[in-house]
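A.B. asks: Got work33.txt for you, compact mmCIF, C-alpha atoms:
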# COMPACT_ATOMS: atom_id res chain seq x y z
CA MET M 25 63.62 97.30 109.89
CA LYS M 26 65.81 96.14 112.74
CA ALA M 27 69.26 97.72 113.13
CA LEU M 28 71.97 95.90 115.11
CA TYR M 29 75.25 97.39 116.33
CA PHE M 30 78.35 95.52 117.49
CA ALA M 31 81.65 96.21 119.28
CA TRP M 32 82.66 99.89 119.38
CA VAL M 33 79.84 100.86 117.03
CA ARG M 34 77.44 99.58 119.70
CA GLU M 35 79.35 101.37 122.48
CA ARG M 36 79.40 104.73 120.68
CA ILE M 37 75.72 104.62 119.74
CA GLY M 38 74.80 103.29 123.18
CA LEU M 39 72.41 100.66 121.83
CA ALA M 40 72.74 97.02 120.75
CA GLU M 41 69.64 97.12 118.54
CA GLU M 42 66.63 99.23 117.62
CA GLU M 43 63.79 99.52 115.11
CA ILE M 44 64.46 102.13 112.43
CA ALA M 45 62.22 103.51 109.68
CA PRO M 46 64.39 105.26 107.11
CA PRO M 47 62.63 107.48 104.54
CA ARG M 48 62.14 106.21 100.99
CA ASP M 49 64.99 108.25 99.57
CA VAL M 50 67.47 106.25 101.70
CA VAL M 51 68.32 103.51 99.19
CA THR M 52 71.84 102.22 99.89
CA VAL M 53 73.81 101.14 102.95
CA ARG M 54 75.92 104.30 102.65
CA GLU M 55 72.81 106.51 102.57
CA LEU M 56 71.48 104.76 105.66
CA ILE M 57 74.78 105.47 107.44
CA ASP M 58 74.49 109.15 106.50
CA TRP M 59 70.88 109.25 107.70
CA LEU M 60 71.75 107.62 111.05
CA SER M 61 74.83 109.85 111.49
CA ALA M 62 72.60 112.93 111.45
CA ARG M 63 70.64 111.71 114.51
CA ASP M 64 73.04 112.69 117.30
CA GLU M 65 76.70 112.82 118.27
CA GLY M 66 76.79 109.13 119.29
CA TYR M 67 75.78 107.99 115.82
CA ALA M 68 78.04 110.63 114.27
CA ALA M 69 81.00 109.33 116.32
CA ALA M 70 80.23 105.71 115.46
CA PHE M 71 80.11 106.42 111.73
CA ALA M 72 82.75 109.20 111.62
CA ASN M 73 85.18 107.08 109.59
CA PRO M 74 83.15 105.14 107.01
CA ALA M 75 86.26 103.18 105.94
CA THR M 76 86.16 101.39 109.32
CA ILE M 77 82.47 100.43 109.12
CA ARG M 78 81.26 97.09 107.82
CA ALA M 79 77.60 96.26 107.21
CA ALA M 80 75.48 93.15 106.81
CA LEU M 81 71.98 92.83 105.33
CA ASP M 82 70.01 89.89 106.72
CA LYS M 83 73.25 88.37 108.09
CA THR M 84 75.22 88.62 104.82
CA HIS M 85 78.08 91.06 104.25
CA ALA M 86 76.98 94.08 102.20
CA ALA M 87 79.03 96.74 100.39
CA PRO M 88 78.35 100.47 101.02
CA ASP M 89 76.62 100.85 97.64
CA ALA M 90 74.40 97.79 98.18
CA PRO M 91 70.67 98.60 98.07
CA ILE M 92 68.86 97.97 101.35
CA GLY M 93 65.87 96.68 99.39
CA ALA M 94 63.50 94.54 101.42
CA ALA M 95 66.07 93.53 104.05
CA ARG M 96 64.53 93.04 107.49
CA GLU M 97 67.77 93.39 109.42
CA ILE M 98 70.85 95.54 108.97
CA ALA M 99 73.94 95.35 111.15
CA PHE M 100 76.86 97.74 111.51
CA PHE M 101 80.21 96.78 113.00
CA PRO M 102 83.97 97.37 112.81
CA PRO M 103 86.30 95.15 110.75
CA MET M 104 86.24 91.66 112.23
CA THR M 105 88.91 90.41 114.63
CA GLY M 106 87.99 86.79 115.27
CA GLY M 107 90.08 83.70 114.76
CA MET C 17 84.29 60.66 93.77
CA ALA C 18 83.08 60.57 97.35
CA PRO C 19 80.08 62.74 98.24
CA ARG C 20 80.98 66.15 99.57
CA PRO C 21 81.10 66.10 103.38
CA THR C 22 78.86 68.30 105.51
CA PRO C 23 81.01 70.70 107.54
CA ALA C 24 80.54 70.59 111.31
CA VAL C 25 80.26 74.23 112.42
CA ARG C 26 79.72 75.34 116.02
CA VAL C 27 79.78 78.75 117.72
CA GLN C 28 79.77 78.31 121.49
CA ALA C 29 80.87 79.77 124.80
CA GLU C 30 82.15 76.43 126.11
CA ASP C 31 85.63 75.06 125.58
CA PHE C 32 86.21 72.20 123.12
CA ASP C 33 88.32 69.05 123.08
CA PRO C 34 90.37 68.78 119.86
CA GLY C 35 91.00 65.07 120.45
CA ARG C 36 87.29 64.34 120.76
CA GLU C 37 86.49 66.42 117.67
CA GLN C 38 89.22 64.61 115.73
CA ALA C 39 87.79 61.23 116.80
CA LEU C 40 84.30 62.33 115.70
CA LEU C 41 85.67 63.30 112.29
CA THR C 42 87.84 60.23 111.65
CA GLY C 43 85.96 57.56 113.65
CA GLY C 44 85.26 54.45 111.56
CA ARG C 45 86.91 55.91 108.47
CA ARG C 46 89.65 54.12 106.51
CA ASP C 47 89.90 56.53 103.58
CA ILE C 48 91.45 59.58 105.29
CA GLY C 49 95.18 60.04 104.71
CA ALA C 50 95.79 63.45 106.30
CA LEU C 51 94.23 65.35 109.16
CA VAL C 52 95.29 68.92 109.96
CA SER C 53 94.25 70.38 113.31
CA PHE C 54 94.67 74.09 114.02
CA VAL C 55 93.92 75.57 117.45
CA GLY C 56 94.00 79.33 118.01
CA LEU C 57 94.84 80.24 121.61
CA CYS C 58 94.51 83.39 123.68
CA ARG C 59 98.05 84.68 124.38
CA ASP C 60 98.89 86.91 127.35
CA GLU C 61 100.80 89.59 125.37
CA ASP C 62 103.82 89.31 127.71
CA GLY C 63 101.64 89.48 130.81
CA ALA C 64 99.67 92.59 129.79
CA LEU C 65 96.44 90.75 129.00
CA GLU C 66 94.07 89.40 131.65
CA ALA C 67 91.38 88.18 129.27
CA LEU C 68 89.68 88.70 125.92
CA GLU C 69 85.96 89.39 125.61
CA LEU C 70 84.82 87.96 122.31
CA GLU C 71 81.62 89.52 120.99
CA HIS C 72 79.84 87.89 118.05
CA TYR C 73 76.81 88.33 115.83
CA PRO C 74 74.61 85.31 116.64
CA GLY C 75 73.25 83.65 113.53
CA MET C 76 75.55 85.47 111.15
CA ALA C 77 78.69 84.01 112.79
CA GLU C 78 77.53 80.45 112.05
CA ALA C 79 76.23 81.41 108.58
CA GLU C 80 79.47 83.12 107.60
CA ILE C 81 81.64 80.24 108.84
CA ARG C 82 79.45 77.88 106.79
CA ARG C 83 79.92 80.07 103.71
CA VAL C 84 83.72 79.98 104.18
CA ALA C 85 83.58 76.21 104.80
CA ASP C 86 81.54 75.69 101.61
CA GLU C 87 84.12 77.70 99.70
CA ALA C 88 86.90 75.47 101.08
CA LEU C 89 84.94 72.39 99.94
CA GLU C 90 84.66 73.92 96.44
CA ARG C 91 88.42 74.39 96.28
CA TRP C 92 89.82 71.22 97.85
CA PRO C 93 88.66 67.58 97.81
CA LEU C 94 88.16 67.38 101.57
CA GLN C 95 86.79 64.33 103.35
CA GLY C 96 85.78 66.15 106.49
CA LEU C 97 85.77 69.61 107.99
CA THR C 98 85.13 70.92 111.52
CA VAL C 99 85.16 74.55 112.67
CA ILE C 100 84.45 75.60 116.26
CA HIS C 101 84.70 79.24 117.36
CA ARG C 102 84.15 80.37 120.94
CA PHE C 103 82.70 83.63 122.22
CA GLY C 104 82.55 85.28 125.64
CA ARG C 105 85.37 85.73 128.15
CA ILE C 106 88.54 83.81 127.27
CA GLN C 107 91.71 83.89 129.36
CA PRO C 108 95.34 83.51 128.25
CA GLY C 109 96.16 79.88 127.58
CA GLU C 110 92.56 79.03 126.66
CA GLN C 111 91.43 77.89 123.23
CA ILE C 112 89.52 80.27 120.92
CA VAL C 113 89.11 78.49 117.61
CA LEU C 114 89.48 74.99 116.15
CA VAL C 115 89.79 74.05 112.48
CA LEU C 116 90.05 70.40 111.43
CA THR C 117 90.51 69.41 107.80
CA ALA C 118 90.70 65.84 106.53
CA ALA C 119 91.79 64.80 103.04
CA ARG C 120 93.42 61.92 101.20
CA HIS C 121 96.65 63.91 100.92
CA ARG C 122 98.32 66.40 103.24
CA ALA C 123 98.68 69.28 100.75
CA ASP C 124 94.90 69.67 100.46
CA ALA C 125 94.39 69.43 104.23
CA PHE C 126 97.12 72.00 105.00
CA ALA C 127 95.95 74.45 102.32
CA ALA C 128 92.28 74.21 103.30
CA ALA C 129 93.08 74.78 107.00
CA ALA C 130 95.17 77.89 106.19
CA PHE C 131 92.44 79.18 103.87
CA LEU C 132 89.74 78.66 106.52
CA MET C 133 91.69 80.54 109.18
CA ASP C 134 92.59 83.43 106.85
CA PHE C 135 88.94 83.88 105.86
CA LEU C 136 87.49 83.34 109.34
CA LYS C 137 89.64 86.19 110.62
CA THR C 138 88.45 88.65 107.98
CA ARG C 139 84.85 87.51 107.40
CA ALA C 140 83.37 85.85 110.48
CA PRO C 141 81.63 88.48 112.68
CA PHE C 142 83.65 88.28 115.91
CA TRP C 143 85.31 91.17 117.75
CA LYS C 144 87.88 90.97 120.53
CA LYS C 145 88.07 93.43 123.39
CA GLU C 146 91.11 93.33 125.68
CA ARG C 147 90.88 93.21 129.46
CA ARG C 148 94.24 94.46 130.73
CA ALA C 149 96.06 92.91 133.68
CA ASP C 150 96.90 96.36 135.14
CA GLY C 151 93.22 97.32 135.34
CA ALA C 152 93.55 100.11 132.75
CA PRO C 153 90.61 100.29 130.34
CA GLY C 154 91.20 97.80 127.56
CA ASP C 155 90.45 98.55 123.95
CA TRP C 156 88.98 96.74 120.98
CA VAL C 157 91.59 94.80 119.04
CA SER C 158 92.19 96.48 115.67
CA ALA C 159 91.91 94.52 112.45
CA LYS C 160 95.36 93.93 111.00
CA SER C 161 96.23 94.74 107.41
CA GLU C 162 98.33 91.53 107.40
CA ASP C 163 95.11 89.57 107.93
CA ASP C 164 93.50 91.20 104.90
CA ALA C 165 96.66 90.50 102.89
CA ALA C 166 96.60 86.87 104.06
CA ALA C 167 93.00 86.50 102.87
CA ASP C 168 93.72 88.31 99.59
CA ARG C 169 96.41 85.80 98.60
CA TRP C 170 93.68 83.20 97.95
CA ARG C 171 91.88 85.35 95.35
As C-alpha cells - that is how I would like this structure written.
C.D. replies:
Amino acid sequence: MKALYFAWVRERIGLAEEEIAPPRDVVTVRELIDWLSARDEGYAAAFANPATIRAALDKTHAAPDAPIGAAREIAFFPPMTGG
Amino acid sequence: MAPRPTPAVRVQAEDFDPGREQALLTGGRRDIGALVSFVGLCRDEDGALEALELEHYPGMAEAEIRRVADEALERWPLQGLTVIHRFGRIQPGEQIVLVLTAARHRADAFAAAAFLMDFLKTRAPFWKKERRADGAPGDWVSAKSEDDAAADRWR
C-alpha cells in the first residue's frame, strides 16, 4: 500500500510518500504506527507521541483502532491547522 | 421544499474574489433572504510573521470539505454554499479561506457558516508552517484546544 506523510510527520521521516508492505499481523492503524516506528529513529521521532498523530485510510479520517483492511492508501499527519 | 443545493468546493493556490463568488451564488435568484460571507485572513502576529506555508493533502482536502458541507446541508435549509480554501505561500493581509452560506433567514446562514469554519479547522487536512520575519526558523502552527472545543459544541 501507499503511505503518505504530511507536515512535521513528513519532515521527521524525511519522505513525502513510499510503498510499504506491512506483515499480515499488522491489522490496525495503531499496529501499523508501531511497525513503522521500529524502522529507524526518524519514524520513531515522527510517531513518538501517538496522541498527536492523525491517520486517514483512502482519504477518510481513521481512528487508531480502525482496521487497515484493503485500503490502498494510508496517510499520517499532525492535527489539522487549516481555516 | 427546494432541492438541496450542490456545494461549490474549491482548493486552490490562487486568490479568490468574494464579490465574484457571491454574485455566482446569488445571480438570478429571488428566493435568498440572507447571505453570510466569512473570509479568513493571514495576520502578521504583530509583525513577527512574514508568511504562512499551507500544506494540504490533495484529494482528501476537497473530499473532507465536501463531507463537512454535506453535513451543513443536513442540518440547515441552505439555498447555496461555497467553500474555497487556499494552499501554498500566503502573506499577511492575504485571504486564506472563504465560506458563503445562503438561506431564506439569517439565523440558518450564520449558524451554518460558523459550523463550517469550526469543522474545516479541525477536519480538513491543511497544516500551516510559519515563516518568521526575523529569519529564525519558523515552526508548524499547533492545533488549538479551543478549536476542538468549538467543533465539539455542535455535537
A.B. asks: For a quick test of understanding: name the residues of chain M lying within 6 Å of chain C when counting all atoms listed in the file, and present them as a list in words.
C.D. replies: Lys83, Pro103, Met104, Thr105, Gly106 and Gly107 of chain M
A.B. asks: Could you write those residues out with C-alpha atoms, as a PDB file, in the coordinates of the input?
C.D. replies:
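Written out: selection_19.pdb:
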ATOM      1  CA  LYS M  83      73.250  88.370 108.090  1.00  0.00           C
ATOM      2  CA  PRO M 103      86.300  95.150 110.750  1.00  0.00           C
ATOM      3  CA  MET M 104      86.240  91.660 112.230  1.00  0.00           C
ATOM      4  CA  THR M 105      88.910  90.410 114.630  1.00  0.00           C
ATOM      5  CA  GLY M 106      87.990  86.790 115.270  1.00  0.00           C
ATOM      6  CA  GLY M 107      90.080  83.700 114.760  1.00  0.00           C
TER       7      GLY M 107
END
A.B. asks: Which polymer residues have any atom within 12 Å of an atom of Glu61 (chain C), counting all atoms listed in the file, with same-chain residues fewer than 5 positions away left out, as JSON, numbers by chain?
C.D. replies: {"C": [66, 67, 68, 107, 108, 109, 146, 147, 148, 149]}
A.B. asks: Have a look at M:Ile57, M:Ala68, M:Ala99, M:Ala90 and name the one nearest to Arg36 (chain M); count all atoms listed in the file.
C.D. replies: M:Ala68
A.B. asks: May I ask for the distance between CA of Val99 (chain C) and CA of Ala128 (chain C), given in Å to one decimal place?
C.D. replies: 11.8 Å
A.B. asks: Would you pick out the contacts of Glu43 (chain M) at 8 Å or less, using all atoms listed in the file, so that residues sharing its chain but fewer than 3 positions from it are not included, and give the list as number ranges by chain?
C.D. replies: M: 25-27
A.B. asks: What separation in Å, quoted to one decimal, exists between CA of Arg20 (chain C) and CA of Ala167 (chain C)?
C.D. replies: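 Spanning CA of Arg20 (chain C) to CA of Ala167 (chain C) is a straight-line distance of 23.9 Å.
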A.B. asks: From the list M:Arg96, M:Pro74, M:Ala87, M:Leu81, which residue is nearest Val33 (chain M) when using only C-alpha atoms?
C.D. replies: M:Pro74
A.B. asks: Given the choices M:Asp58, M:Glu35, M:Glu42, M:Asp49, which gets closest to Gly93 (chain M) if the distance is worked out from all atoms listed in the file?
C.D. replies: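 Going through M:Asp58, M:Glu35, M:Glu42, M:Asp49 one by one, the smallest distance to Gly93 (chain M) is for M:Asp49.
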A.B. asks: Identify, on the basis of only C-alpha atoms, every residue whose closest approach to Phe30 (chain M) does not exceed 7 Å; exclude the query and any residue fewer than 3 positions from it along the same chain; express the result as a VMD selection string.
C.D. replies: chain M and resid 33 to 34 40 100 to 101
A.B. asks: In Å, rounded to a single decimal, give me how far CA of Gly63 (chain C) is from CA of Asp150 (chain C).
C.D. replies: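 If I compute the distance from CA of Asp150 (chain C) to CA of Gly63 (chain C), I get 9.4 Å.
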A.B. asks: Might you pull out every residue within 12 Å of Thr52 (chain M), with all atoms listed in the file counted and same-chain residues fewer than 4 positions away left off, and present them as number ranges by chain?
C.D. replies: M: 46-48, 56-59, 79-81, 86-95, 98
A.B. asks: Identify, on the basis of all atoms listed in the file, every residue whose closest approach to Gly49 (chain C) does not exceed 9 Å; exclude the query and any residue fewer than 5 positions from it along the same chain; express the result as JSON, numbers by chain.
C.D. replies: {"C": [118, 119, 120, 121, 122]}
A.B. asks: Between C:Gly104, C:Pro153, C:Pro19, C:Gly96, which one has atoms that come closest to Leu41 (chain C), using all atoms listed in the file?
C.D. replies: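 Using all atoms listed in the file, Leu41 (chain C) sits closest to C:Gly96.
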